[in-house]
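One structure is given below, encoded as structure tokens.
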Protein chains: 2
Amino acid sequence: MFNRELKKGSIQLLILALLENRERHGYELGKLIEARSGGRLVFRLHSLYPTLCRMEEMGLLKSRWVEKPGTRRRRFYRLTAGGRRALERKRQRWTQYMQAVNQIVGLDDA
Amino acid sequence: MFNRELKKGSIQLLILALLENRERHGYELGKLIEARSGGRLVFRLHSLYPTLCRMEEMGLLKSRWVEKPGTRRRRFYRLTAGGRRALERKRQRWTQYMQAVNQIVGLDDA
DNA sequence: CCAAATATGTCGTAATACGACCTATCGGAG
DNA sequence: CTCCGATAGGTCGTATTACGACATATTTGG
């Protein structure tokens, strides 16, 4: 629904926020973003996986494989200490960015 | 100040909004964005010029050279009818996008 | 006279979301 | 039983786009 370029830069914030309280796997993250935005914000799964990989390399996430009989294997991600700090930083940046754009575009409140 | 990726996708909205009521030239647009965001949002001029060019090709803007004695030549841009429609569309998209992200990230209001 | 601000532009790079494509398992409908 | 959709993970190449480096020219102020 949204412009591809508009979505750039927010995906990491979204992932970090969804992992704040519990560990989740990639597919779940994609579905959650779609559900919580009322279907308006959709990230393709094949966009999420490379991003998760990158974020693990950056030290923001830690993953582990979980294999249970009766279910397919899943890779669960959880926040590291660095990821938690990044979440706070990105939340602030996002808020300030929103305010800056709104000030110029002439939207007082969303 | 902001992440490069975060800024992608909003520059066209900003330009269209600033041109809503009067024509302006490129340098002025850059300075205005910086000033109105309190210096927080800065787009380099050499990012603006190609964007303005693209937007003119897309039919959103119309430009004209203005040469006055005593000043350098400037290229002024103004909105076309299509640009005006694009502004409304992008304003709505931006608002909805903001709401979707905030819903997931857990920010109630900016 | 020289520096800074004004004013516009080109070229190559990096980041990243997506489309196309691939693999595999599970539950339910036919 | 078979096929399909949902679940679950992944690779590779492409398009978009903001930026850094670089180039150019004029005007104003110290």
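For the structure tokens, the naming scheme is as follows: chains receive sequential letters (A, B, ...) according to their order of presentation, residues are indexed from 1 within each chain, and ligands are indexed from 1 in presentation order.
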
Q. What are the DSSP strand (DSSP E) residues of chain B, as a count of residues only?
A. 14

Least-squares superposed chain B, target chain A, every Cα, as a tab-separated table (two decimals) with C-alpha atoms, in the first residue's frame:
chain	number	residue	atom	x	y	z
B	1	MET	CA	0.02	0.00	-0.02
B	2	PHE	CA	2.81	2.42	0.79
B	3	ASN	CA	5.57	3.69	-1.41
B	4	ARG	CA	8.61	1.48	-1.31
B	5	GLU	CA	10.92	4.36	-0.48
B	6	LEU	CA	8.69	5.53	2.35
B	7	LYS	CA	9.11	2.17	4.03
B	8	LYS	CA	12.88	2.25	3.93
B	9	GLY	CA	14.38	3.08	7.25
B	10	SER	CA	11.46	2.03	9.43
B	11	ILE	CA	11.71	-1.73	9.14
B	12	GLN	CA	14.46	-2.05	11.74
B	13	LEU	CA	12.51	0.09	14.19
B	14	LEU	CA	9.43	-2.08	13.69
B	15	ILE	CA	11.35	-5.31	14.22
B	16	LEU	CA	13.09	-4.03	17.34
B	17	ALA	CA	9.78	-2.80	18.80
B	18	LEU	CA	8.05	-6.12	18.18
B	19	LEU	CA	10.90	-8.01	19.84
B	20	GLU	CA	10.96	-5.73	22.86
B	21	ASN	CA	9.00	-8.04	25.13
B	22	ARG	CA	9.41	-11.53	23.66
B	23	GLU	CA	11.33	-13.49	21.08
B	24	ARG	CA	9.64	-14.14	17.76
B	25	HIS	CA	10.43	-15.77	14.42
B	26	GLY	CA	10.57	-14.08	11.01
B	27	TYR	CA	7.24	-15.19	9.64
B	28	GLU	CA	5.53	-14.09	12.84
B	29	LEU	CA	7.11	-10.62	12.58
B	30	GLY	CA	5.81	-10.19	9.05
B	31	LYS	CA	2.30	-11.22	10.00
B	32	LEU	CA	2.31	-9.04	13.11
B	33	ILE	CA	3.30	-5.91	11.18
B	34	GLU	CA	0.52	-6.55	8.71
B	35	ALA	CA	-2.07	-7.26	11.40
B	36	ARG	CA	-1.21	-4.36	13.72
B	37	SER	CA	-1.27	-1.85	10.88
B	38	GLY	CA	-4.70	-3.07	9.84
B	39	GLY	CA	-3.27	-4.61	6.69
B	40	ARG	CA	-1.93	-1.28	5.49
B	41	LEU	CA	1.76	-1.91	6.11
B	42	VAL	CA	3.07	-5.10	4.53
B	43	PHE	CA	6.67	-6.18	4.31
B	44	ARG	CA	7.35	-9.19	2.15
B	45	LEU	CA	8.94	-12.05	4.01
B	46	HIS	CA	11.89	-12.14	1.64
B	47	SER	CA	12.55	-8.54	2.66
B	48	LEU	CA	12.51	-9.44	6.32
B	49	TYR	CA	14.93	-12.35	6.28
B	50	PRO	CA	17.93	-10.47	4.90
B	51	THR	CA	17.16	-7.61	7.28
B	52	LEU	CA	17.08	-9.93	10.27
B	53	CYS	CA	20.37	-11.41	9.11
B	54	ARG	CA	21.92	-7.96	8.83
B	55	MET	CA	20.65	-6.95	12.25
B	56	GLU	CA	22.16	-10.03	13.79
B	57	GLU	CA	25.49	-9.23	12.15
B	58	MET	CA	25.23	-5.73	13.59
B	59	GLY	CA	24.77	-7.24	17.02
B	60	LEU	CA	21.22	-5.98	17.55
B	61	LEU	CA	19.61	-9.42	17.53
B	62	LYS	CA	20.50	-12.94	18.55
B	63	SER	CA	18.87	-15.92	16.89
B	64	ARG	CA	18.40	-19.57	17.73
B	65	TRP	CA	16.85	-22.44	15.82
B	66	VAL	CA	13.91	-24.14	17.46
B	67	GLU	CA	12.85	-27.54	16.22
B	68	LYS	CA	9.82	-29.11	17.78
B	69	PRO	CA	8.27	-32.35	16.59
B	70	GLY	CA	5.06	-31.56	14.75
B	71	THR	CA	6.23	-28.11	13.60
B	72	ARG	CA	8.67	-26.84	11.01
B	73	ARG	CA	11.92	-25.51	12.27
B	74	ARG	CA	11.83	-21.85	13.12
B	75	ARG	CA	14.50	-19.28	13.77
B	76	PHE	CA	13.61	-17.18	16.80
B	77	TYR	CA	15.10	-13.75	17.32
B	78	ARG	CA	15.53	-11.79	20.53
B	79	LEU	CA	17.02	-8.40	21.37
B	80	THR	CA	20.57	-8.04	22.60
B	81	ALA	CA	21.58	-5.24	24.97
B	82	GLY	CA	22.74	-3.30	21.92
B	83	GLY	CA	19.41	-3.96	20.24
B	84	ARG	CA	17.60	-2.51	23.21
B	85	ARG	CA	19.72	0.65	23.06
B	86	ALA	CA	19.16	0.85	19.29
B	87	LEU	CA	15.41	0.61	19.85
B	88	GLU	CA	15.40	3.63	22.16
B	89	ARG	CA	17.59	5.60	19.78
B	90	LYS	CA	15.47	4.74	16.75
B	91	ARG	CA	12.24	5.49	18.58
B	92	GLN	CA	13.51	8.97	19.38
B	93	ARG	CA	14.81	9.53	15.86
B	94	TRP	CA	11.52	8.46	14.36
B	95	THR	CA	9.55	10.80	16.62
B	96	GLN	CA	11.79	13.75	15.80
B	97	TYR	CA	11.72	12.94	12.11
B	98	MET	CA	7.93	12.80	12.14
B	99	GLN	CA	7.74	16.17	13.86
B	100	ALA	CA	10.19	17.74	11.41
B	101	VAL	CA	8.27	16.49	8.36
B	102	ASN	CA	4.91	17.48	9.82
B	103	GLN	CA	6.16	20.95	10.58
B	104	ILE	CA	7.10	21.46	6.94
B	105	VAL	CA	4.12	19.70	5.43
B	106	GLY	CA	1.74	21.54	7.70
B	107	LEU	CA	0.19	18.69	9.60
B	108	ASP	CA	-0.32	19.55	13.24
B	109	ASP	CA	-1.21	16.11	14.50
B	110	ALA	CA	-1.67	12.76	12.85

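Near chain B, within 10 Å and using only C-alpha atoms (C1' of nucleotides), the residues of chain D are DT16, DT17, DA18, DC19, DG20, DA25, DT26 and DT27 of chain D.
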
Keeping only C-alpha atoms (C1' of nucleotides), write the selected residues to a file as an mmCIF file, in the first residue's frame.
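And here is the file that came out, result-v7.cif:
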data_model
loop_
_atom_site.group_PDB
_atom_site.id
_atom_site.type_symbol
_atom_site.label_atom_id
_atom_site.label_comp_id
_atom_site.auth_asym_id
_atom_site.auth_seq_id
_atom_site.Cartn_x
_atom_site.Cartn_y
_atom_site.Cartn_z
ATOM 1 C "C1'" DT D 16 15.216 3.753 -6.436
ATOM 2 C "C1'" DT D 17 17.397 7.359 -4.260
ATOM 3 C "C1'" DA D 18 20.175 10.313 -0.899
ATOM 4 C "C1'" DC D 19 24.795 11.392 -0.502
ATOM 5 C "C1'" DG D 20 29.962 12.364 -1.168
ATOM 6 C "C1'" DA D 25 30.020 30.849 -11.595
ATOM 7 C "C1'" DT D 26 28.332 35.223 -9.330
ATOM 8 C "C1'" DT D 27 27.611 38.400 -5.498
#

Q: as a VMD selection string, list the residues of stretch 16-81 of chain B assigned to alpha helix (DSSP H) by DSSP on the backbone atoms of this structure.
A: chain B and resid 16 to 18 26 to 36 45 to 57 81

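Interface residues on chain C toward chain B (cut-off 9 Å, only C-alpha atoms (C1' of nucleotides)): C:DT6, C:DA7, C:DT8, C:DG9, C:DA15, C:DT16.
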
Would you save the residues from that selection as a short mmCIF file (atom, residue, chain, number, x, y, z; two decimals), in the first residue's frame, using N, CA and C atoms (P, O5', C5', C4', C3', O3' and C1' of nucleotides)?
data_model
loop_
_atom_site.label_atom_id
_atom_site.label_comp_id
_atom_site.auth_asym_id
_atom_site.auth_seq_id
_atom_site.Cartn_x
_atom_site.Cartn_y
_atom_site.Cartn_z
P DT C 6 23.22 32.08 1.91
"O5'" DT C 6 23.24 32.21 0.32
"C5'" DT C 6 23.19 33.51 -0.27
"C4'" DT C 6 23.31 33.42 -1.77
"C3'" DT C 6 22.26 32.53 -2.46
"O3'" DT C 6 21.66 33.27 -3.51
"C1'" DT C 6 24.41 32.00 -3.23
P DA C 7 20.23 32.80 -4.09
"O5'" DA C 7 20.60 31.57 -5.02
"C5'" DA C 7 20.90 31.79 -6.40
"C4'" DA C 7 21.45 30.55 -7.07
"C3'" DA C 7 20.69 29.23 -6.89
"O3'" DA C 7 19.78 29.08 -7.99
"C1'" DA C 7 23.06 28.96 -7.12
P DT C 8 18.97 27.65 -8.11
"O5'" DT C 8 20.01 26.76 -8.94
"C5'" DT C 8 20.50 27.23 -10.19
"C4'" DT C 8 21.46 26.24 -10.79
"C3'" DT C 8 20.94 24.81 -10.91
"O3'" DT C 8 20.74 24.48 -12.27
"C1'" DT C 8 23.20 24.88 -10.18
P DG C 9 19.96 23.11 -12.66
"O5'" DG C 9 21.13 22.02 -12.70
"C5'" DG C 9 22.12 22.13 -13.70
"C4'" DG C 9 23.35 21.35 -13.36
"C3'" DG C 9 23.20 19.84 -13.26
"O3'" DG C 9 23.25 19.26 -14.56
"C1'" DG C 9 24.88 20.74 -11.82
P DA C 15 26.43 0.49 2.92
"O5'" DA C 15 24.86 0.69 2.93
"C5'" DA C 15 24.32 1.97 3.24
"C4'" DA C 15 22.83 1.95 3.04
"C3'" DA C 15 22.16 0.68 3.56
"O3'" DA C 15 21.03 1.07 4.33
"C1'" DA C 15 21.60 1.04 1.27
P DT C 16 20.24 -0.05 5.20
"O5'" DT C 16 19.08 -0.49 4.22
"C5'" DT C 16 18.20 0.49 3.69
"C4'" DT C 16 17.29 -0.15 2.69
"C3'" DT C 16 16.78 -1.55 3.06
"O3'" DT C 16 15.40 -1.64 2.79
"C1'" DT C 16 17.59 -1.54 0.89
#

Q: Kindly give the distance, in Å, that separates atom C1' of D:DA15 and atom C1' of C:DT23, rounded to a single decimal.
A: 26.8 Å
